[in-house]
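run-v3.cif (mmCIF, C-alpha atoms and all ligand atoms) appears below.
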data_model
#
loop_
_atom_site.label_atom_id
_atom_site.label_comp_id
_atom_site.auth_asym_id
_atom_site.auth_seq_id
_atom_site.Cartn_x
_atom_site.Cartn_y
_atom_site.Cartn_z
CA MET Z 1 47.02 90.11 64.80
CA THR Z 2 44.10 91.27 62.63
CA PRO Z 3 42.50 88.82 60.15
CA LEU Z 4 44.24 90.67 57.30
CA GLY Z 5 47.53 90.54 59.26
CA ARG Z 6 47.23 86.74 59.44
CA ARG Z 7 46.63 86.58 55.69
CA ILE Z 8 49.61 88.83 54.96
CA ALA Z 9 51.82 86.67 57.23
CA ALA Z 10 50.66 83.55 55.34
CA LEU Z 11 51.42 85.25 52.00
CA ILE Z 12 54.92 86.14 53.23
CA ARG Z 13 55.54 82.56 54.43
CA GLN Z 14 54.51 81.33 50.99
CA ASP Z 15 56.09 83.91 48.65
CA GLY Z 16 58.71 85.72 50.76
CA PRO Z 17 58.82 89.36 51.95
CA MET Z 18 56.64 91.92 50.13
CA SER Z 19 57.28 95.55 49.13
CA VAL Z 20 55.81 98.41 51.16
CA ALA Z 21 53.63 99.13 48.09
CA ASP Z 22 52.14 95.63 48.06
CA TYR Z 23 51.58 95.84 51.82
CA MET Z 24 49.82 99.22 51.53
CA ALA Z 25 47.66 98.01 48.64
CA LEU Z 26 46.48 95.02 50.69
CA CYS Z 27 45.90 97.08 53.84
CA LEU Z 28 43.86 99.74 52.03
CA SER Z 29 42.12 97.89 49.21
CA ASP Z 30 41.82 94.17 50.00
CA PRO Z 31 38.18 93.48 49.03
CA GLY Z 32 37.41 91.65 52.30
CA HIS Z 33 39.46 93.50 54.91
CA GLY Z 34 40.99 96.60 53.26
CA TYR Z 35 40.75 99.77 55.33
CA TYR Z 36 38.59 101.73 52.85
CA MET Z 37 36.47 98.83 51.70
CA ARG Z 38 33.96 98.48 54.51
CA ARG Z 39 34.30 101.39 56.89
CA GLU Z 40 33.60 105.09 57.08
CA PRO Z 41 36.81 106.54 58.49
CA PHE Z 42 35.96 110.27 58.51
CA GLY Z 43 35.07 112.70 61.26
CA ARG Z 44 35.42 112.90 65.00
CA ALA Z 45 34.26 109.31 65.52
CA GLY Z 46 36.53 108.04 62.73
CA ASP Z 47 40.27 108.13 62.20
CA PHE Z 48 40.87 111.49 60.51
CA ILE Z 49 39.20 114.68 59.25
CA THR Z 50 39.78 116.00 55.74
CA ALA Z 51 39.41 119.60 54.54
CA PRO Z 52 35.87 119.21 53.09
CA GLU Z 53 34.79 117.73 56.44
CA VAL Z 54 36.34 120.68 58.34
CA SER Z 55 34.10 123.23 56.63
CA GLN Z 56 31.69 123.73 53.74
CA MET Z 57 33.88 126.69 52.72
CA PHE Z 58 36.48 124.35 51.20
CA GLY Z 59 34.14 122.76 48.66
CA GLU Z 60 32.31 126.04 48.01
CA LEU Z 61 35.51 127.89 47.09
CA ILE Z 62 36.55 125.02 44.84
CA GLY Z 63 33.06 125.17 43.29
CA ALA Z 64 33.58 128.83 42.40
CA TRP Z 65 36.99 127.93 40.92
CA VAL Z 66 35.50 125.06 38.89
CA VAL Z 67 32.83 127.30 37.34
CA ALA Z 68 35.46 129.96 36.54
CA ALA Z 69 37.68 127.28 34.95
CA TRP Z 70 34.74 126.02 32.87
CA GLU Z 71 34.18 129.58 31.62
CA ALA Z 72 37.90 129.90 30.86
CA MET Z 73 37.54 126.72 28.77
CA GLY Z 74 34.88 128.48 26.69
CA ALA Z 75 31.91 127.07 28.65
CA PRO Z 76 31.74 123.76 26.71
CA ALA Z 77 28.19 122.36 26.41
CA ARG Z 78 29.40 118.97 27.66
CA LEU Z 79 31.78 118.65 30.60
CA ALA Z 80 33.05 115.68 32.61
CA LEU Z 81 33.21 116.86 36.23
CA VAL Z 82 35.41 114.21 37.82
CA GLU Z 83 36.46 113.58 41.41
CA LEU Z 84 39.05 110.98 42.42
CA GLY Z 85 38.50 109.40 45.85
CA PRO Z 86 35.45 111.45 46.92
CA GLY Z 87 35.21 110.05 50.49
CA ARG Z 88 31.76 110.97 51.85
CA GLY Z 89 30.96 113.11 48.77
CA THR Z 90 31.06 116.29 50.85
CA LEU Z 91 33.41 118.26 48.59
CA MET Z 92 31.26 117.49 45.51
CA LYS Z 93 28.05 118.41 47.36
CA ASP Z 94 29.46 121.78 48.51
CA LEU Z 95 30.99 122.42 45.07
CA LEU Z 96 27.64 121.77 43.36
CA ARG Z 97 25.77 124.08 45.76
CA VAL Z 98 27.85 126.98 44.40
CA ALA Z 99 27.93 125.71 40.81
CA ARG Z 100 24.13 125.61 40.76
CA LEU Z 101 24.18 129.39 40.67
CA ARG Z 102 25.21 128.92 36.98
CA PRO Z 103 22.42 126.74 35.53
CA ALA Z 104 24.30 126.39 32.21
CA PHE Z 105 27.18 124.77 34.08
CA ILE Z 106 24.88 122.26 35.78
CA GLU Z 107 23.28 121.58 32.39
CA ALA Z 108 26.69 120.83 30.86
CA ALA Z 109 28.26 118.84 33.69
CA ARG Z 110 28.15 115.07 34.04
CA ILE Z 111 29.43 113.96 37.43
CA HIS Z 112 31.92 111.09 37.48
CA LEU Z 113 33.22 109.72 40.78
CA VAL Z 114 36.25 107.42 40.78
CA GLU Z 115 35.90 105.32 43.93
CA THR Z 116 36.95 101.77 44.80
CA SER Z 117 35.19 101.44 48.16
CA PRO Z 118 31.66 99.92 48.01
CA ARG Z 119 30.82 101.39 51.44
CA LEU Z 120 31.93 104.91 50.48
CA ARG Z 121 30.03 104.65 47.15
CA GLU Z 122 26.85 104.05 49.16
CA ILE Z 123 27.50 107.12 51.29
CA GLN Z 124 28.32 109.23 48.22
CA GLN Z 125 25.01 108.13 46.70
CA GLU Z 126 23.16 109.40 49.77
CA THR Z 127 25.12 112.67 49.92
CA LEU Z 128 24.54 113.40 46.23
CA ALA Z 129 20.91 112.23 45.99
CA GLY Z 130 19.16 114.22 43.26
CA PHE Z 131 22.23 114.53 41.03
CA ARG Z 132 23.02 112.27 38.08
CA VAL Z 133 26.24 110.54 39.09
CA ALA Z 134 28.29 107.78 37.43
CA TRP Z 135 30.79 105.72 39.45
CA HIS Z 136 34.01 104.26 38.07
CA ALA Z 137 36.75 102.02 39.41
CA SER Z 138 39.44 103.96 37.56
CA VAL Z 139 39.81 107.24 35.73
CA ASP Z 140 40.30 105.38 32.41
CA GLU Z 141 36.59 104.49 32.53
CA VAL Z 142 35.40 108.12 32.47
CA PRO Z 143 34.03 108.87 28.97
CA ASP Z 144 35.96 111.36 26.84
CA ALA Z 145 34.81 114.98 27.11
CA PRO Z 146 36.36 118.28 28.14
CA ALA Z 147 37.05 117.68 31.82
CA ILE Z 148 37.55 119.35 35.18
CA LEU Z 149 38.94 116.98 37.79
CA VAL Z 150 39.49 117.38 41.53
CA ALA Z 151 41.42 115.05 43.84
CA ASN Z 152 41.65 115.93 47.54
CA GLU Z 153 43.66 113.59 49.76
CA PHE Z 154 43.56 110.94 47.05
CA PHE Z 155 47.22 110.59 46.04
CA ASP Z 156 48.37 110.14 49.67
CA ALA Z 157 46.31 106.94 49.81
CA LEU Z 158 48.21 105.33 46.93
CA PRO Z 159 50.94 102.75 47.60
CA ILE Z 160 54.60 103.77 47.78
CA ARG Z 161 57.84 101.82 47.54
CA GLN Z 162 60.61 102.73 49.97
CA PHE Z 163 64.38 102.53 49.46
CA VAL Z 164 67.04 102.78 52.16
CA ARG Z 165 70.64 103.95 51.72
CA THR Z 166 72.95 101.36 53.30
CA ALA Z 167 76.74 101.22 53.61
CA THR Z 168 76.87 99.17 50.42
CA GLY Z 169 74.25 100.97 48.29
CA TRP Z 170 70.48 101.26 48.06
CA ALA Z 171 68.19 98.51 49.33
CA GLU Z 172 64.40 98.18 49.05
CA ARG Z 173 62.51 98.19 52.34
CA LEU Z 174 60.34 95.08 52.56
CA ILE Z 175 57.90 93.58 55.01
CA GLY Z 176 58.72 90.10 56.26
CA LEU Z 177 58.30 88.10 59.45
CA ALA Z 178 60.17 88.43 62.74
CA GLU Z 179 61.19 85.27 64.66
CA ASP Z 180 57.99 85.43 66.70
CA GLY Z 181 55.91 85.47 63.48
CA SER Z 182 54.91 89.15 63.70
CA LEU Z 183 55.32 91.50 60.71
CA ALA Z 184 58.68 93.28 60.58
CA PHE Z 185 60.58 95.60 58.23
CA GLY Z 186 63.64 94.25 56.44
CA LEU Z 187 65.89 95.18 53.53
CA ARG Z 188 66.74 93.61 50.21
CA PRO Z 189 69.83 94.96 48.44
CA MET Z 190 68.89 96.18 45.00
CA GLU Z 191 69.89 94.30 41.89
CA SER Z 192 70.65 96.48 38.89
CA ALA Z 193 67.39 95.43 37.21
CA ASP Z 194 65.27 96.42 40.23
CA ALA Z 195 63.03 99.44 40.50
CA ARG Z 196 63.22 101.54 37.37
CA PRO Z 197 62.95 104.46 37.64
CA LEU Z 198 64.65 104.88 41.01
CA PRO Z 199 63.50 107.67 43.32
CA ALA Z 200 65.45 110.85 42.55
CA PRO Z 201 67.68 110.80 45.70
CA ALA Z 202 68.88 107.32 44.69
CA THR Z 203 70.10 108.48 41.28
CA SER Z 204 72.33 111.16 42.81
CA SER Z 205 73.45 109.45 45.98
CA ALA Z 206 76.14 112.04 46.68
CA GLY Z 207 75.29 113.70 49.98
CA VAL Z 208 72.66 111.15 50.97
CA GLY Z 209 73.69 109.63 54.28
CA GLU Z 210 73.43 106.03 55.42
CA GLY Z 211 69.93 105.26 56.71
CA ALA Z 212 68.26 107.83 54.43
CA ILE Z 213 64.93 106.71 52.98
CA ALA Z 214 63.69 107.65 49.50
CA GLU Z 215 60.17 106.97 48.24
CA LEU Z 216 58.51 106.34 44.92
CA SER Z 217 54.83 105.96 44.09
CA PRO Z 218 54.45 104.27 40.71
CA ALA Z 219 50.65 104.22 41.19
CA ALA Z 220 50.51 107.98 41.83
CA THR Z 221 52.67 108.92 38.84
CA ALA Z 222 50.71 106.52 36.60
CA ILE Z 223 47.36 108.09 37.58
CA ALA Z 224 48.74 111.64 37.20
CA ALA Z 225 49.98 110.68 33.72
CA THR Z 226 46.59 109.16 32.81
CA VAL Z 227 44.78 112.33 33.89
CA ALA Z 228 47.27 114.52 32.01
CA THR Z 229 46.99 112.44 28.83
CA ARG Z 230 43.21 112.83 28.94
CA LEU Z 231 43.36 116.57 29.52
CA ALA Z 232 45.86 116.99 26.68
CA ARG Z 233 43.39 115.12 24.41
CA THR Z 234 40.04 116.56 25.52
CA GLY Z 235 41.02 119.92 27.02
CA GLY Z 236 40.50 120.76 30.65
CA THR Z 237 42.11 121.09 34.02
CA ALA Z 238 42.71 119.31 37.33
CA LEU Z 239 43.52 120.19 40.93
CA PHE Z 240 45.58 117.75 42.98
CA ILE Z 241 45.38 118.75 46.67
CA ASP Z 242 47.29 116.81 49.28
CA TYR Z 243 49.93 116.88 51.95
CA GLY Z 244 53.30 116.53 50.41
CA TYR Z 245 56.53 118.10 49.25
CA ALA Z 246 58.40 119.24 46.19
CA GLY Z 247 60.93 116.43 45.75
CA PRO Z 248 63.55 115.14 45.49
CA ALA Z 249 63.68 114.61 49.24
CA THR Z 250 64.53 111.88 51.70
CA GLY Z 251 62.54 110.77 54.75
CA ASP Z 252 60.14 108.09 55.89
CA THR Z 253 56.63 109.48 55.32
CA LEU Z 254 54.71 106.20 55.66
CA GLN Z 255 52.25 106.76 58.46
CA ALA Z 256 49.35 104.93 60.06
CA LEU Z 257 46.49 106.68 61.82
CA ALA Z 258 43.74 105.21 63.97
CA ARG Z 259 41.30 107.31 66.00
CA HIS Z 260 43.29 110.47 65.17
CA ARG Z 261 46.52 109.01 66.65
CA PRO Z 262 49.66 107.75 64.91
CA VAL Z 263 50.10 104.00 65.30
CA ASP Z 264 52.73 101.47 64.16
CA PRO Z 265 52.05 100.86 60.40
CA LEU Z 266 52.57 97.12 60.90
CA ALA Z 267 50.44 96.77 64.05
CA ALA Z 268 46.88 96.49 62.72
CA PRO Z 269 46.74 95.79 58.96
CA GLY Z 270 43.37 96.84 57.52
CA GLU Z 271 42.29 98.65 60.69
CA ALA Z 272 44.42 101.79 60.49
CA ASP Z 273 44.66 104.30 57.64
CA LEU Z 274 48.01 104.11 55.84
CA THR Z 275 49.27 107.12 53.89
CA ALA Z 276 52.44 108.67 52.54
CA HIS Z 277 53.31 112.23 51.66
CA VAL Z 278 52.94 113.07 47.97
CA ASP Z 279 56.00 113.97 45.88
CA PHE Z 280 54.49 116.74 43.76
CA THR Z 281 57.63 117.08 41.65
CA ALA Z 282 57.21 113.45 40.56
CA LEU Z 283 53.55 114.15 39.67
CA ALA Z 284 54.40 117.36 37.78
CA THR Z 285 57.14 115.54 35.83
CA ALA Z 286 54.68 112.80 34.82
CA VAL Z 287 52.09 115.44 33.81
CA ARG Z 288 54.58 117.32 31.63
CA ALA Z 289 55.77 114.10 29.98
CA ALA Z 290 52.13 113.27 29.15
CA GLY Z 291 51.64 116.58 27.32
CA ALA Z 292 49.78 118.71 29.88
CA VAL Z 293 51.00 121.80 31.75
CA PRO Z 294 51.64 121.78 35.52
CA ARG Z 295 51.55 125.15 37.33
CA ALA Z 296 53.90 126.13 40.15
CA LEU Z 297 53.00 124.28 43.35
CA ILE Z 298 51.28 126.51 45.93
CA ALA Z 299 50.30 126.02 49.56
CA GLN Z 300 46.63 125.34 50.39
CA GLY Z 301 46.46 128.48 52.56
CA GLU Z 302 47.65 130.63 49.65
CA PHE Z 303 45.22 128.90 47.26
CA LEU Z 304 42.18 129.37 49.51
CA GLY Z 305 43.22 132.99 50.11
CA ARG Z 306 43.28 133.63 46.35
CA LEU Z 307 39.81 132.07 46.04
CA GLY Z 308 38.38 134.40 48.72
CA LEU Z 309 38.37 132.41 51.97
CA ALA Z 310 38.28 135.57 54.12
CA PRO Z 311 35.20 137.18 52.46
CA ARG Z 312 33.45 133.77 52.35
CA ALA Z 313 34.02 133.37 56.10
CA GLU Z 314 32.71 136.90 56.71
CA ALA Z 315 29.58 136.14 54.67
CA LEU Z 316 28.94 132.95 56.66
CA LYS Z 317 29.36 134.80 59.97
CA ARG Z 318 26.97 137.63 59.10
CA GLY Z 319 23.96 137.65 61.43
CA LYS Z 320 25.16 134.56 63.34
CA ASP Z 321 25.66 134.22 67.08
CA ALA Z 322 29.14 134.50 68.61
CA ALA Z 323 29.65 130.74 68.96
CA THR Z 324 28.81 130.09 65.28
CA ALA Z 325 31.03 132.98 64.17
CA ALA Z 326 33.89 131.60 66.27
CA SER Z 327 33.49 128.15 64.74
CA VAL Z 328 33.66 129.66 61.20
CA ASP Z 329 36.87 131.50 62.16
CA ALA Z 330 38.32 128.32 63.68
CA ALA Z 331 37.54 126.34 60.51
CA ALA Z 332 39.12 129.01 58.29
CA ALA Z 333 42.24 128.98 60.50
CA ARG Z 334 42.40 125.20 60.36
CA LEU Z 335 42.13 125.12 56.56
CA ALA Z 336 44.55 127.95 55.84
CA GLY Z 337 46.66 128.61 58.97
CA ALA Z 338 50.41 128.08 58.58
CA GLU Z 339 50.53 125.84 61.67
CA ALA Z 340 47.44 123.85 60.60
CA MET Z 341 46.69 122.64 57.07
CA GLY Z 342 47.68 125.84 55.25
CA ASN Z 343 51.34 125.00 54.56
CA LEU Z 344 51.47 121.23 54.87
CA PHE Z 345 48.81 120.81 52.19
CA LYS Z 346 49.71 121.89 48.68
CA VAL Z 347 47.82 122.41 45.43
CA LEU Z 348 49.12 121.30 42.04
CA ALA Z 349 47.00 122.69 39.20
CA ILE Z 350 47.45 121.23 35.74
CA SER Z 351 45.73 121.84 32.41
CA SER Z 352 45.78 121.27 28.71
CA ARG Z 353 48.00 123.69 26.80
CA GLY Z 354 46.76 127.22 26.17
CA LEU Z 355 44.25 127.42 29.01
CA ALA Z 356 44.47 130.41 31.39
CA LEU Z 357 43.57 129.06 34.81
CA PRO Z 358 41.72 131.21 37.35
CA ALA Z 359 43.79 131.88 40.48
CA PHE Z 360 46.95 130.64 38.75
CA ASP Z 361 47.41 132.47 35.47
CA ASP Z 362 45.64 135.75 36.20
CA ASN Z 363 44.26 137.71 39.14
CA SER Z 364 40.61 137.46 38.30
CA ALA Z 365 39.51 134.59 40.58
C1 LIG P 401 41.60 110.05 52.47
S1 LIG P 401 40.16 109.68 51.59
C2 LIG P 401 39.79 111.30 50.96
C3 LIG P 401 38.32 111.52 50.76
C4 LIG P 401 37.86 112.87 50.25
N1 LIG P 401 38.52 113.27 49.03
C5 LIG P 401 37.99 113.93 51.30
O1 LIG P 401 38.79 114.86 51.10
O2 LIG P 401 37.30 113.86 52.32
C6 LIG P 401 40.70 108.76 50.18
C7 LIG P 401 39.60 108.39 49.19
O3 LIG P 401 40.18 107.76 48.06
C8 LIG P 401 39.53 106.49 47.83
N2 LIG P 401 40.53 105.64 47.20
C9 LIG P 401 41.66 105.15 47.74
N3 LIG P 401 42.39 104.47 46.82
C10 LIG P 401 41.70 104.56 45.66
C11 LIG P 401 41.93 104.08 44.33
N4 LIG P 401 43.02 103.40 44.03
N5 LIG P 401 41.01 104.38 43.38
C12 LIG P 401 39.91 105.10 43.68
N6 LIG P 401 39.64 105.58 44.92
C13 LIG P 401 40.51 105.30 45.90
C14 LIG P 401 39.06 106.08 49.20
O4 LIG P 401 38.09 105.08 49.18
C15 LIG P 401 38.56 107.43 49.72
O5 LIG P 401 37.31 107.77 49.15
#

Please rewrite the model in this file as structure tokens.
Amino acid sequence: MTPLGRRIAALIRQDGPMSVADYMALCLSDPGHGYYMRREPFGRAGDFITAPEVSQMFGELIGAWVVAAWEAMGAPARLALVELGPGRGTLMKDLLRVARLRPAFIEAARIHLVETSPRLREIQQETLAGFRVAWHASVDEVPDAPAILVANEFFDALPIRQFVRTATGWAERLIGLAEDGSLAFGLRPMESADARPLPAPATSSAGVGEGAIAELSPAATAIAATVATRLARTGGTALFIDYGYAGPATGDTLQALARHRPVDPLAAPGEADLTAHVDFTALATAVRAAGAVPRALIAQGEFLGRLGLAPRAEALKRGKDAATAASVDAAAARLAGAEAMGNLFKVLAISSRGLALPAFDDNSA
């Protein structure tokens, strides 16, 4: 067992089984052993590759969108440019390379990165050397100003609770100890006071078969609501990009990845990435309740197509050798292809009321 696994087992012996959400929070964010706290998980040598790490085109296209959104906001003289969970800082670097073409935008923008990992903050500092950047532990700390916010593969890293339909009703899936002392899943029948709100499939259990799993991410909906409340107050817009679905839906989406391979989520606490698919309907509902406007969910492939992925790829290929051109095509296919990231990843755009968003509310982007 990993050092964090031993600590989790001791906690369970002391306090009893813990929710999947508490387990995920410890595995990802424990200050001493949490997955994101000390390591650099990206790239071929790491555990996974995200869209900004696949190609510079991803951040560049988002950069063009951000500048167009700023103009749609009336080009405010002061702008909070916020990223949640910036990883290596690659998306922000590529975004700023394009945004620099509009000096007035760079003049207006203050860069705010919301990042909990000390190791990744160091890397972001190196990547963004030369820019004025402020780091924050949570989005509440970002000072009030008209804002444009981007979050790529951020919400999937937030803890979820899981609920299982049994013969006698819904039960919460917990993590306890097997007889040999290893970590094991178990169930606790739900009391009426448990888990409010319940995940949508649990409130209309008709048609949901025994064994079905429903998920809820209180952390994700709380952060979406915080962002939406801010935007409603200050004006602005946000893009939430992630793999996920338009709920309600059932299914076990908790997954662990190490060295690009799926592993047992309980096998190596703190040493494998743990994620869950994002319920975009739950996020959109929280956004609407907080007074901002969610747009219809679209697939990443469709979004990048609207932003001009094909002409950007052509421009990058111009004058390059065949191998470079082929690698640009391969990256574009990976980002937008239906069998790759194009359909699995989705984009939820939200904004304050009355803002016409490029690529969503008109055809000009
Ligand atoms: C899967 S990585 C995505 C990185 C980057 N956006 C990309 O696309 O390459 C998740 C990021 O979110 C950060 N993170 C995870 N939980 C967080 C939290 N609760 N608050 C702030 N950042 C968090 C991680 O440290 C990491 O930077």

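A straight line drawn from atom CA of Z:Met18 to atom CA of Z:Arg173 is 8.9 Å long.
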
>> Give me the residues near Z:Met92 as a PyMOL selection string, where near means some atom within 8 Å (using all atoms listed in the file) and where sequence neighbours in that chain fewer than 3 positions away do not count.
In response: chain Z and resi 59+83+86+89+95-96+128

>> With only C-alpha atoms as the counted atoms, please give the residues lying no more than 12 Å from Z:Tyr35, apart from itself and same-chain residues fewer than 2 positions off, as a PyMOL selection string.
In response: chain Z and resi 2+4+24-33+37-42+46-47+116-120+157+256-258+268-275

Mind writing the picked residues with C-alpha atoms as a compact mmCIF listing (two decimals), keeping the file's coordinate frame?
# COMPACT_ATOMS: atom_id res chain seq x y z
CA THR Z 2 44.10 91.27 62.63
CA LEU Z 4 44.24 90.67 57.30
CA MET Z 24 49.82 99.22 51.53
CA ALA Z 25 47.66 98.01 48.64
CA LEU Z 26 46.48 95.02 50.69
CA CYS Z 27 45.90 97.08 53.84
CA LEU Z 28 43.86 99.74 52.03
CA SER Z 29 42.12 97.89 49.21
CA ASP Z 30 41.82 94.17 50.00
CA PRO Z 31 38.18 93.48 49.03
CA GLY Z 32 37.41 91.65 52.30
CA HIS Z 33 39.46 93.50 54.91
CA MET Z 37 36.47 98.83 51.70
CA ARG Z 38 33.96 98.48 54.51
CA ARG Z 39 34.30 101.39 56.89
CA GLU Z 40 33.60 105.09 57.08
CA PRO Z 41 36.81 106.54 58.49
CA PHE Z 42 35.96 110.27 58.51
CA GLY Z 46 36.53 108.04 62.73
CA ASP Z 47 40.27 108.13 62.20
CA THR Z 116 36.95 101.77 44.80
CA SER Z 117 35.19 101.44 48.16
CA PRO Z 118 31.66 99.92 48.01
CA ARG Z 119 30.82 101.39 51.44
CA LEU Z 120 31.93 104.91 50.48
CA ALA Z 157 46.31 106.94 49.81
CA ALA Z 256 49.35 104.93 60.06
CA LEU Z 257 46.49 106.68 61.82
CA ALA Z 258 43.74 105.21 63.97
CA ALA Z 268 46.88 96.49 62.72
CA PRO Z 269 46.74 95.79 58.96
CA GLY Z 270 43.37 96.84 57.52
CA GLU Z 271 42.29 98.65 60.69
CA ALA Z 272 44.42 101.79 60.49
CA ASP Z 273 44.66 104.30 57.64
CA LEU Z 274 48.01 104.11 55.84
CA THR Z 275 49.27 107.12 53.89

>> When you look at Z:Ala338 with a cut-off of 12 Å (counting all atoms listed in the file), what residues show up, excluding the ones that are within fewer than 4 positions of it in the same chain? I need them as number ranges by chain.
In response: Z: 299-302, 332-334, 342-346

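When atom C3 of ligand LIG 401 (chain P) is paired with atom CA of Z:Ala21, their separation reads 19.9 Å.
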
>> Residues within 7 Å of stretch 288-293 of chain Z, please, as a count of residues only. Count only C-alpha atoms; anything in the same chain fewer than 3 positions from it doesn't count.
In response: 11

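For the pair atom CA of Z:Thr90 and atom C1 of ligand LIG 401 (chain P), the interatomic distance is 12.4 Å.
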
Near ligand LIG 401 (chain P), 6 Å: chain Z residue rows, closest pairs, only C-alpha atoms and all ligand atoms, as a Markdown table:
| residue | atom | partner | partner_atom | distance |
| --- | --- | --- | --- | --- |
| Z:Tyr36 | CA | P:LIG401 | O4 | 5.0 |
| Z:Thr50 | CA | P:LIG401 | O2 | 4.7 |
| Z:Ala51 | CA | P:LIG401 | O1 | 5.9 |
| Z:Pro52 | CA | P:LIG401 | O2 | 5.6 |
| Z:Leu84 | CA | P:LIG401 | N6 | 6.0 |
| Z:Gly85 | CA | P:LIG401 | O3 | 3.2 |
| Z:Pro86 | CA | P:LIG401 | N1 | 4.1 |
| Z:Gly87 | CA | P:LIG401 | O5 | 3.4 |
| Z:Val114 | CA | P:LIG401 | C12 | 5.2 |
| Z:Glu115 | CA | P:LIG401 | N6 | 3.9 |
| Z:Thr116 | CA | P:LIG401 | C12 | 4.6 |
| Z:Ser117 | CA | P:LIG401 | O4 | 4.8 |
| Z:Asn152 | CA | P:LIG401 | N1 | 4.4 |
| Z:Glu153 | CA | P:LIG401 | C2 | 4.7 |
| Z:Phe154 | CA | P:LIG401 | O3 | 4.7 |
| Z:Ala157 | CA | P:LIG401 | C9 | 5.4 |
| Z:Leu158 | CA | P:LIG401 | N3 | 5.9 |

> So which residues touch Z:Leu177 within 8 Å, counting all atoms listed in the file, skipping near sequence neighbours fewer than 4 positions away, as a ChimeraX atom specification?
Replying inline: /Z:9,12-13,17,181-185

> For Z:Ile160, which of Z:Glu179, Z:Glu71, Z:Glu172, Z:Glu122 is the closest residue, counting only C-alpha atoms?
Replying inline: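 Ranked by minimum distance to Z:Ile160, first place goes to Z:Glu172.
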